[in-house]
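Asks: Got a structure for you, written out below as structure tokens; questions coming shortly.
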Amino acid sequence: MPGLGASFGRGGATSDLQDLGNADVIVIQGSNMAECHPVGFQWVMEAKARGTKVIHIDPRFTRTSALADTYVPIRTGTDIVLLGAIINRVLTQERDFREYVLAYTNASWLVSEDFQGTEDLDGLFSGFDSETRSYDTKSWQYAGAEHHGDEQEETADSQESESGHSLGAGGAAVDHESIQRDDTLQDPRTVWQVMKRHFARYTPEMVQEVCGIPTDLFDEIAEAWISNSGREKTGVLVYSVGWTQRGTGVQYIRAGAILQLLLGNMGRPGGGVMALRGHASIQGSTDIPTLYNLLPGYLQMPHAERHRSLAEYIDSIKGANQKGFWGNADAYTISLLKAYFGDAATAENDYLFDAMPKINGDHGTYGQVMDMIEGGKIFGYFLLGQNPAVGSANGRAQRLGMANLDWMVVRDLVMIESATFWKDAPEVETGEIVPEECRTEVFFLPAASHVEKEGTFTQTQRLLQWREKAVEAPGDCTSELWFFYHLGRRMREKLAGSTDPRDRLLLDVAWDYPVHGEKQEPSSEDVLREINGYDRSTGDLLPGYTALKADGSTSSGCWIYSGVYADDVNQAARRKPGREQSLHAHEWGWAWPMNRRVLYNRASADPDGKPWSERKALVWWDEAQGRWVGDDIPDFEATKAPSYRPPKGATGVEAIAGDDPFIMQSDGKGWLYAPKGVVDGPLPAHYEPAESPFRNTVYTQQQNPARELYTNHLNEVHPSPPERGSDVFPFVWVTSRLTEHHTAGGMSRYLPYLAELQPALFMEVSPELAAQQGLEHLGWAHVITARAVVEARVMVTDRLAPLRIQDRVVHQIWMPYHWGGGGGLTTGDVVNDLAHLTLDPNVHIQEFKAGTCDVQPGRRPRGGEVLDLIDAYRVRGAVTMSSGAVAVTAELLDPQGKSRVEQAMAGATGTGTGHSAAEMEKVLSVRHDVRSRPGQPQQNGVDPAVLDAHPDTSLEGN
Amino acid sequence: MVPRTVAPNSFAGRLDDPAANAGYEAPPPRKGFFTDTSVCIGCKACEVACKEWNMVPEDGIDLLGMSYDNTGGLGADSWRAVAFIEQSRPIGRGTPAFDGTTTGGSSDALQQDVVAAGIDVFEEASRLGTALPGGTPIADAAAAATGASGGCGCGSGGGGCGSAPAAAAATTTTAAPASEQFLGMPGMLAPAPLPDREGRQDVRWLMMSNVCKHCTHAACLDVCPTGALFRTEFGTVVVQQDVCNGCGYCVSACPYGVIDKREGDGRAWKCTLCYDRLGNDETPACAKACPTESIQYGDLDELRERAEARRQQLHDVGVTEARLYGEDPDDGVGGDGAFFLLLDEPEVYGLPPDPVVTTRDLPSMYKHMAVAAGAMVLGALVSGLGRRS
């Protein structure tokens, strides 16, 4: 989300799915839309029927490619090179939509003289500190605004606190009045010129060399995209987890956003960036988050040190002299506290801000897993609606962590692997978990399914849709709402009368939901009303977030959802058929914000408020009525004229000019260059994936320097060039989903009608790879990484093609990840066990879409021999806790001048043999010493010396 | 009361209203499916929706290796089945998928799986058409053909021979071992291993949701001795499970290999075109679930018009391989109630190129039988007379 949030102001898909039908070109990249979003794909087919060109760019020919006009094979992990080259073409040939760019983006803004880019620093931006692996962003700021940069401490911290996430509903803070600009775009410090220099090395030839895309195919994509954009035409970009599940995913999205802004495709019909969400309510689970670092509505989670008072907290969101609707952050926050605490929250007690839980570090999923493995920090675990024993990256770490808990509550529809890991995890086979000794006590509580409870889903286009309860849940199955309400009720009853300050939160929380029925089910509609918010003096439901007040007279559980119960009507439950209304179907469900379907739609009109063209009209200024009108609800103040200019000194909403379409941005513009909000660079740069068989040819810097690593013996990363050993893992593996199964399989592997459609785990390989490795169609093969060995049936298919990169042929292997060994009608190895935990520094997401591996024919070894095989590869491939872990590649290459490199080259005699026998012993001993033995907290005694076991002599000879 | 006029039973030829022909008075317009494979995304929602609504049992949890088809064709327990065909051909008007990739040479534009199997499907199919001389049961001919061409080619295909799919997709259930059948159905064997070919130039992935054709002249219905199979007022063909005695005549009569006996049950089962939903003015489950309107349900006349318009539209944009299948009321089954828009020869999808209702010759056979019987009777009389005399 920071990719979209930093660029446009909100972290949601920018339009609705039916708007795809208005596009002149649809570029699907990083998404297998037909397979993973088949229902939404109908609009792509609709567009295609109208003559829209559909381009699919993917490492693998999928069911989406089958329906596209043009399929473009690409080496996974190189999308920024492709997008960068198109951006370069737009900039150098001046193919941008210039009037749009000048009016609605920060192209003409001047950047600080202190800024240095990747051209100056060979792959790094100014301000990098290799000790903390983070950037001090002061030098990235606009000229004259240098003091607004994030202190290094803060960005380093944001890697931990995920502050990037809070850009889901608003851009980062910048003082808009201090901005200097040059509308001729000639000043070398303009964003335009900075970008031009930055992208200059992204050429079609580089695309061919890095991505494996031939130059004439590149031409076709670039021309189709550029020529179908502009005043008369628009193109849309579609992505999903093929972009986000990466160590640099936010920057992929930034690259797409930059291109769409340059081409003038934002806020216009048939344009935009469609971020497809993978499940029924993934958008909902960030709007009202299941993330540790966010409160509802993308308000950041208070931090123990930085937010000592409510005022401090609110100031940190509003910023100084900031434009836009974040200026009302006080109203959003105080209304949330009123929803939480009701009458107990008053101005006098700071609305009980002190009682709120605070964060003080990395409490993200994978950070917690590491803490669980380490022991002593986390004792209990609630698991709802997920199956991390199968779904999480490096499942082995996840399971060993869970085996180190005191208790665990699992609520699910079926007995998933995460509930039964103590008796049937792969680690039981290897002897790492002994069921009789596993100390984790698992409480399994049966859950009601989506048809057995009512509530809303917020789907991919920010649309809330109400679903009715179709049937009563059987037996003891209960809804999540029931579970949390009654859990809270019982805890409050137990704590009644306590004077312990730490209990105040629970005792003061407003927990008075009416219940009904035999099971005492709380009312979902009542919860939705609370989310919408009330005027607390009259008890009336609020019409929308603009009615929220900072004086404690209103409450709202999630400010961006305010309006979903306007007029005492459940707006999310509206189901007027599409054929009875206009394309955007405003009376079907309800979209945040304020039922607007195409975000930033003010940009569909020119600065004077007239549509850019008749063909692409959406919202325009009606002078006679004195308001914005059109086919969508304006994403703008309805009566603010295009000519409005804010008075000097204005801040917040008042400071938004009549031609500032990006109303959540602190300067009202779309950000080509992001001075804040993205912690690993103001512009996207290509780095190789954390594990790659190839040296980065774009810069000396190999990997994203700010990537987040977890150094743990269970999480060793394969070396990539220039480190030695990468040729032991010569192939690239990618995992994703099939239409026929649902994520970790809990909702599909147990159902005969779905299990029979994809009845076994398989791997897709090209005929060339099959021939090379001796793999047989429908036979078995196993994939090996330093984390796991996974076996699967072989599917030899022409849909996977080897690509020639840097004069070498690279083979990509694909596997779906739906299988686990616990239960269901079809079982299989856990593919995600192969993955390492190297995370994007902005959002802490794991890299599922590119890893290196070996593949061998036949079934994998059994029992402890699996670990022996892994160890053999670790030795051969020089894999240790410090391989692939160096932040700045230049330091690795030349830490103390040339001599070190020469020394490395001299010491190297072959693959991975840089290790001395003694060092190798050390490497091996690590794993064996710390193998998990439940009952005895493991891993604590890892000798720090093993971190140094990775010898300097493991550099590649060349 | 208006006297009912019943036309003589029609076994072949053009017939515009089979429901009226079956004796319905003023039946509603004939209903059917138009399955436009050019927009099928292979999601298989049709299969699941069909099974959910009709309570069709699971059909085996086996990896078949036929691309993404693990259903293996239509059968008693699969009334919708999505075929996946991977080809080395361009995608419609699109850019060749791997054209110009640095590792790609060009490969033969013929289907590689078939090449791998050493079989020319088109030749095979023409040999296996329903107009086989002597009325040899199709499966026998198939077995013979397979023998002639050296098995199903599994050895050269690099692994499995897709035996189960061949069985399920087979036009009949016969005594012939499934693994030895080859019926012109291009099951997805692995592409030929190198060095038989040099990379790929194009990849095309065809998907088609197959279903009972609800023929105008339905041989299954004609041969059913119990009346379990009947023509509905919507012109569709439905089995009444409480009447079916499991004789299996319908199975061998179907020119498409659709109707099938359920294991452990013995009775014949197939798509009902959701007869119970139609009666309630509801769309059949598969069409309702289809996200891209690849499966369209409606009045057959209107569907035929829509299909022709779609075919024309595709031709206009250069997809000249688009063709309709089963839409012609003058074909060997009098046109299908469920017809298709295909992007290749029918054989590629496992469909017979020129299906003919297997009961077409029944009237003339009866005529000949009558003549023969008459002759016999005459002969007996003559001989009796002769003896007397």
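Identifiers in the structure tokens: chain A, B, ... in order shown; residue index from 1 per chain; ligand index from 1 in order shown.
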As a VMD selection string, could you give me every residue of chain A near chain B (at most 7 Å apart, counting only C-alpha atoms)?

Replies: chain A and resid 34 to 35 38 to 39 42 45 63 66 69 to 72 213 to 214 739 752 to 753 755 to 760 767 to 768 771 776 to 779 795 to 799 802 to 804

Asks: Please provide as a list in words all residues within 9 Å of A:Asn696, with the sequence filter that same-chain residues fewer than 3 positions apart are discarded (counting only C-alpha atoms).

Replies: Val210, His686, Tyr687, Glu688, Ser692, Tyr699, Thr700, Gln701, Gln702, Gln703 and Pro721 of chain A

Asks: Once you have the residues from the selection above, write them out as a PDB file, in the first residue's frame, restricted to C-alpha atoms.

Replies:
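Written file, again.pdb:
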ATOM      1  CA  VAL A 210      17.942  -8.410 -17.661  1.00  0.00           C
ATOM      2  CA  HIS A 686      16.208  -2.345 -10.003  1.00  0.00           C
ATOM      3  CA  TYR A 687      17.844  -4.706  -7.596  1.00  0.00           C
ATOM      4  CA  GLU A 688      18.057  -8.424  -8.063  1.00  0.00           C
ATOM      5  CA  SER A 692      19.250 -14.611  -7.730  1.00  0.00           C
ATOM      6  CA  TYR A 699      24.127  -1.185 -10.684  1.00  0.00           C
ATOM      7  CA  THR A 700      26.956  -2.529  -8.586  1.00  0.00           C
ATOM      8  CA  GLN A 701      24.454  -2.828  -5.766  1.00  0.00           C
ATOM      9  CA  GLN A 702      23.107  -6.385  -5.971  1.00  0.00           C
ATOM     10  CA  GLN A 703      20.067  -6.468  -3.681  1.00  0.00           C
ATOM     11  CA  PRO A 721      26.652 -13.198  -7.153  1.00  0.00           C
TER      12      PRO A 721
END
